[in-house]
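> Below is one structure. I have some questions about it.
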Amino acid sequence: MQIEYQTQRLSLRFFMLMLVLFLLQVGYGLVLATQHVDPSVQAGTINFNIARAEHLNLGILWILSGFIGAILFVAPLLARREMVAPWLIKLLFYALIVIAVWNFFTLRLAQYGIAGWWHGQPWLQQGLEYLEAGRIAGVLVLVGFAILAYVVLRTFPPVRQWNEIHWGLGLGVTALMAVWVFGLFYVARLDLQEYFRWFVVHYWVEGVWEVIHISLVGFLLVLMFKVDIKSVGFAVFWGVALVWLSGLIGNAHHYFWIGTPEFWQFWGSLFSALEPLPLVFCFWHIYLDAHTNQRPLENAPAFYFILGSVVLEQIGAGILGFSMTFALTNVWSHGTWVTPGHAHLALFGTFGMLGIAAAYYAVPIMRKAPDYDQRLGKLGFWLVLTGVLGLAFAFALGGTVQIYVYRILGLGWFGGDVSRAMGLFKLLLPMFGITFTFGAGILAYDLFTLGRRVRAPAAADPRGVLHGDAALPRSNTGWGRPLSGFEAGIWLMMMWVFGGIITLGLLSFNLPRVRVLADPTLPYLLAGVGYPGLLLVTLAFVWRFLASLEARASLPSPTVAANVLLPLPVRS
Amino acid sequence: MSCGVGGSSCETPRRRGAFVMLGIMTLAFVVLSLFSFMKSRGQVTPDTVSYGPYKAEDGKRVFQAYNCMGCHTMVGNGAYLGPDLTREYAQAGPAWLAAFLPSAGSWPTAAAVRAQLQDPVQHADTGAATIEAYDGKFPEAADRVGRRGGKPSNMPNLPLSKDEIGQLIAYLKYTSAMNTEGWPPRVEAEAGLDERVRLALGVQAIAPAAAAPAIPPVAAAADPAARGAQLVKDNGCTACHATTGQRLVGPGWGGLYGSRVSLADGSSVMADDAYLVESIRQPNAKIVAGYPASVMPSYDTLLKNDEVDAIVAYLHSLEKQ
């Protein structure tokens, strides 16, 4: 495939910026993991809260950067014309750099208690989780979102000609800007402040990012597998509809304990239990779409990361989110390490991996290196996948110990008991963090230099060498045989069975035997089976899925279909 | 019935239906939200809470300015390096917090908490004038002092001013008073402290300091400097003052005796015995240049004359490093 519209090339700089910010974020993550083990490391220089603010802020910025890159790459294809106002996009790029650098310095001011109060607003930094940036950066971000929404909506054809992917992206970029506004006011009441903070955080993730995610995954599948845009349109419609219908009131799961009334526990438990539905739907569709045709994977790393994105969304946002969404389980998981296990899988897994997938799809096309060496990308994928699953494992089990010691036994930090009891799992964090960092470094190196490196010497079977797994399809394990829908369903069911065990584990903290007699056997046993089981099944499933796709490389290649044509509905 | 043919979208009618559903749900959400913040709900608001002259509303700004949420949780939201702060005021009380916050790098000793009890604001707020009354009101504070008093903490020292500390205490008083629907869950475990520590760590707890008196009687050592060193330890002075020349929270002590000290008002003074005694008894009489006033409590009524003399003798012995 080649570049069809010159303005698609504007996406390249956003992908590169994404990688730089990603590496910085991973670096801060390592600092945080080390400080969890020994809080005195760098204390007074980079306090934990500073490193964490940078970690969260960079996480948001690089995911947005990846989204913007992906949207810019596909928007001209969807509109069938060049982007309007490319100068605005260039401006957006520099604005993003300015915001990143500005936040890098201003977030550090929390160490000195400087928020930059002026007219009742914190202009430099505001010390709220995920919304650490101050008002100056916040207003700049709003301008950036406005530019993005303007450019995308002006480039798209008239609304009457929109298909479902236009709708998804159009609503996504508009809502991205609209939701952000709720984070731009200082609120004096703690309950009201948390209420509005989750407007931004929850509706971004579950209302906006997920809509953009579904639309982009759908369209990338159209581009990669030449699947019918109508069948993807169907999936995107139901995905977006279910996300919004479940997520709108599902936000109530953040309103259980912040000082808002008890009735939210009913609404939150009910609706957010439905939130995994669109994810199951998306999961199922990637199976169908990837198996519609039997052609070999042309760009393996791009598909690896799309699959990783959808699968980690399923287990991170879907299953782990489900396990802690009921008031009776959330009362225990809330405010413990159990939640970052879910958050790392859901945020990096779902959105981060999508940005990397889009980069892997777009960068080789823009650099005219369609048959690039794919081994580094695959290696990087397996390292970050293992790393992030390991992080989730450490967080979830460490969190289970934390619930027991902190909430059941009532031993606080002030006796020094909680972090001591969590010690082993705290040690696992930097271990898996280093695995993840290696993967991230390899990915970034690969994408930075892709198409610019000296080519690997051509071998007898370039395809096999480039894919690095020529022997795999013929292995005795049978993992390369085609994946049937029945088998995929079994895998999905196994994930949910382990998810059920995890949910029961959190629920079992309510039992008098655990709560009053302080016997941790049942929750420890269920968590000890559930979390490792879920994460290992996930790893095995991804392996199985990819092995079945890789096996196609050795099959006789069917004639390549004609260039994909994107039918735009003329009239509805 | 021609949807899907000729490029028309099958989803248009469904899309309309979805938007209608979404509208209904938005309405439901807005109504629930309005109910949540009505006055009749009786939820406490920060404008009604204060700690002496300090307002909870100002405390929230301090809380955000230092990004406390970056290490702690508040109503369960935030980071998980340190403890949840929602009920911190109700558990430890204002005197423990006032003793801890200026020198967060180490845990307050009983003497440090006692020094805060003289604060009239504290007294007006809790009604506790003695450490016994205070511990009775805030048993968790006694536990903390007993198990960890004087030991280093994992929190770095922060440049909090006297006012900021009062405001933070007011804010924590507000969050303690909030109705959070039963979160964090009440501890129902019946086992005693020793048994719970054994369950958590699989080891026998170190004998809690309750066995030892809060301030062990200092043997009238022949060497006053040695006795001073013990008094300094018992009172937790080193939470704020380094025995070298280094700045911690307050000025370092190494080589202080006999040196010239510049004061905040521009004058300077010789650090002789009279100056040192005065700085212990009335710390706000002379403030060293570059340090905030009112952070150190007065030890005037807490230390006897011979004890102050012993501490001064100990200060004589500290060389500049």
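We name chains A, B, ... following the order of the structure tokens; residues begin at 1 in each chain, and ligands are numbered from 1 as shown.
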Any idea which chain B residues end up within 7 Å of chain A if we count only C-alpha atoms, as a PyMOL selection string please?

chain B and resi 7-9+12+18+22+29+36+45-46+57+64-67+69-71+73+75-78+80-83+144+147-148+154+156+159+178-181+183+185+187-190+196+200-201

> Among segment 137-253 of chain B, which residues does DSSP mark as helix (DSSP H, G or I) when it is run on the backbone? Keep the chain and numbering as in the structure and answer as a PDB file with C-alpha atoms, in the first residue's frame.


```pdb
ATOM      1  CA  LYS B 137      -9.599  10.722  72.675  1.00  0.00           C
ATOM      2  CA  PRO B 139      -6.054   6.051  70.774  1.00  0.00           C
ATOM      3  CA  GLU B 140      -4.614   5.624  67.291  1.00  0.00           C
ATOM      4  CA  ALA B 141      -2.177   8.474  68.002  1.00  0.00           C
ATOM      5  CA  ALA B 142      -0.912   6.641  71.073  1.00  0.00           C
ATOM      6  CA  ASP B 143      -0.459   3.454  69.002  1.00  0.00           C
ATOM      7  CA  ARG B 144       1.539   5.312  66.391  1.00  0.00           C
ATOM      8  CA  VAL B 145       3.761   7.036  68.926  1.00  0.00           C
ATOM      9  CA  GLY B 146       4.294   3.753  70.715  1.00  0.00           C
ATOM     10  CA  ARG B 147       5.208   1.710  67.678  1.00  0.00           C
ATOM     11  CA  ARG B 148       7.072   4.191  65.530  1.00  0.00           C
ATOM     12  CA  LYS B 162       2.671  27.126  60.180  1.00  0.00           C
ATOM     13  CA  ASP B 163      -0.492  28.405  58.491  1.00  0.00           C
ATOM     14  CA  GLU B 164      -0.461  25.701  55.858  1.00  0.00           C
ATOM     15  CA  ILE B 165      -0.258  23.063  58.582  1.00  0.00           C
ATOM     16  CA  GLY B 166      -3.256  24.540  60.383  1.00  0.00           C
ATOM     17  CA  GLN B 167      -5.185  24.723  57.120  1.00  0.00           C
ATOM     18  CA  LEU B 168      -4.359  21.124  56.252  1.00  0.00           C
ATOM     19  CA  ILE B 169      -5.609  20.029  59.683  1.00  0.00           C
ATOM     20  CA  ALA B 170      -8.834  21.940  59.038  1.00  0.00           C
ATOM     21  CA  TYR B 171      -9.230  20.199  55.687  1.00  0.00           C
ATOM     22  CA  LEU B 172      -8.638  16.771  57.230  1.00  0.00           C
ATOM     23  CA  LYS B 173     -11.195  17.669  59.896  1.00  0.00           C
ATOM     24  CA  TYR B 174     -13.668  18.321  57.086  1.00  0.00           C
ATOM     25  CA  THR B 175     -12.978  15.045  55.282  1.00  0.00           C
ATOM     26  CA  SER B 176     -13.213  13.138  58.561  1.00  0.00           C
ATOM     27  CA  ALA B 177     -16.680  14.579  59.066  1.00  0.00           C
ATOM     28  CA  LEU B 193      -2.694  -6.070  67.959  1.00  0.00           C
ATOM     29  CA  ASP B 194       0.006  -8.702  68.490  1.00  0.00           C
ATOM     30  CA  GLU B 195      -2.060 -11.401  66.873  1.00  0.00           C
ATOM     31  CA  ARG B 196      -2.946  -9.165  63.928  1.00  0.00           C
ATOM     32  CA  VAL B 197       0.689  -8.257  63.333  1.00  0.00           C
ATOM     33  CA  ARG B 198       1.547 -11.940  63.457  1.00  0.00           C
ATOM     34  CA  LEU B 199      -1.184 -12.656  60.894  1.00  0.00           C
ATOM     35  CA  ALA B 200       0.071  -9.874  58.636  1.00  0.00           C
ATOM     36  CA  LEU B 201       3.774 -10.556  58.767  1.00  0.00           C
ATOM     37  CA  ALA B 209       6.433   0.619  73.466  1.00  0.00           C
ATOM     38  CA  ALA B 210       3.455   0.722  75.794  1.00  0.00           C
ATOM     39  CA  ALA B 211       5.628  -1.453  78.009  1.00  0.00           C
ATOM     40  CA  PRO B 224      25.521  16.572  81.214  1.00  0.00           C
ATOM     41  CA  ALA B 225      26.256  16.352  77.485  1.00  0.00           C
ATOM     42  CA  ALA B 226      25.379  12.650  77.481  1.00  0.00           C
ATOM     43  CA  ARG B 227      22.199  13.402  79.356  1.00  0.00           C
ATOM     44  CA  GLY B 228      21.448  16.169  76.858  1.00  0.00           C
ATOM     45  CA  ALA B 229      21.927  13.738  73.981  1.00  0.00           C
ATOM     46  CA  GLN B 230      19.385  11.387  75.564  1.00  0.00           C
ATOM     47  CA  LEU B 231      16.917  14.243  76.109  1.00  0.00           C
ATOM     48  CA  VAL B 232      17.295  15.322  72.475  1.00  0.00           C
ATOM     49  CA  LYS B 233      16.476  11.783  71.387  1.00  0.00           C
ATOM     50  CA  ASP B 234      13.484  11.417  73.701  1.00  0.00           C
ATOM     51  CA  CYS B 237      14.410  17.154  68.360  1.00  0.00           C
ATOM     52  CA  THR B 238      16.392  15.493  65.572  1.00  0.00           C
ATOM     53  CA  ALA B 239      13.253  15.174  63.474  1.00  0.00           C
TER      54      ALA B 239
END
```

> Residues of segment 124-317 of chain B classed as strand (DSSP E or B) by DSSP on the backbone are to be reported as a list in words.

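Written out, the strand (DSSP E or B) residues of segment 124-317 of chain B are Pro152, Arg260, Val261, Ser262, Leu263, Ser268, Val269, Met270 and Val288 of chain B.
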
> Hey, can you check how far atom CA of Ser268 of chain B sits from atom CA of Ala293 of chain B?

16.3 Å

> Counting only C-alpha atoms, what is within 7 Å of segment 207-211 of chain A, bar same-chain residues fewer than 3 positions away, as an mmCIF file with C-alpha atoms, in the first residue's frame?


```cif
data_model
loop_
_atom_site.group_PDB
_atom_site.id
_atom_site.type_symbol
_atom_site.label_atom_id
_atom_site.label_comp_id
_atom_site.auth_asym_id
_atom_site.auth_seq_id
_atom_site.Cartn_x
_atom_site.Cartn_y
_atom_site.Cartn_z
ATOM 1 C CA GLY A 168 -17.379 7.122 15.634
ATOM 2 C CA GLY A 172 -15.014 10.966 19.412
ATOM 3 C CA ALA A 175 -16.594 14.666 22.825
ATOM 4 C CA LEU A 176 -12.851 14.669 23.572
ATOM 5 C CA TYR A 203 -15.958 9.785 30.184
ATOM 6 C CA TRP A 204 -12.642 10.245 28.455
ATOM 7 C CA ILE A 214 -13.399 1.045 18.338
ATOM 8 C CA SER A 215 -13.521 3.205 15.223
ATOM 9 C CA VAL A 240 -20.169 2.686 20.282
ATOM 10 C CA VAL A 243 -20.172 1.865 25.259
ATOM 11 C CA TRP A 244 -22.276 4.951 25.683
ATOM 12 C CA GLY A 247 -20.810 3.895 30.336
#
```

> Excluding Val363 of chain A and its own-chain neighbours fewer than 3 positions away, which residues fall within 9 Å of it when counting only C-alpha atoms? Please give them as a PyMOL selection string.

chain A and resi 11-12+15+358-360+366-369+447+450-451
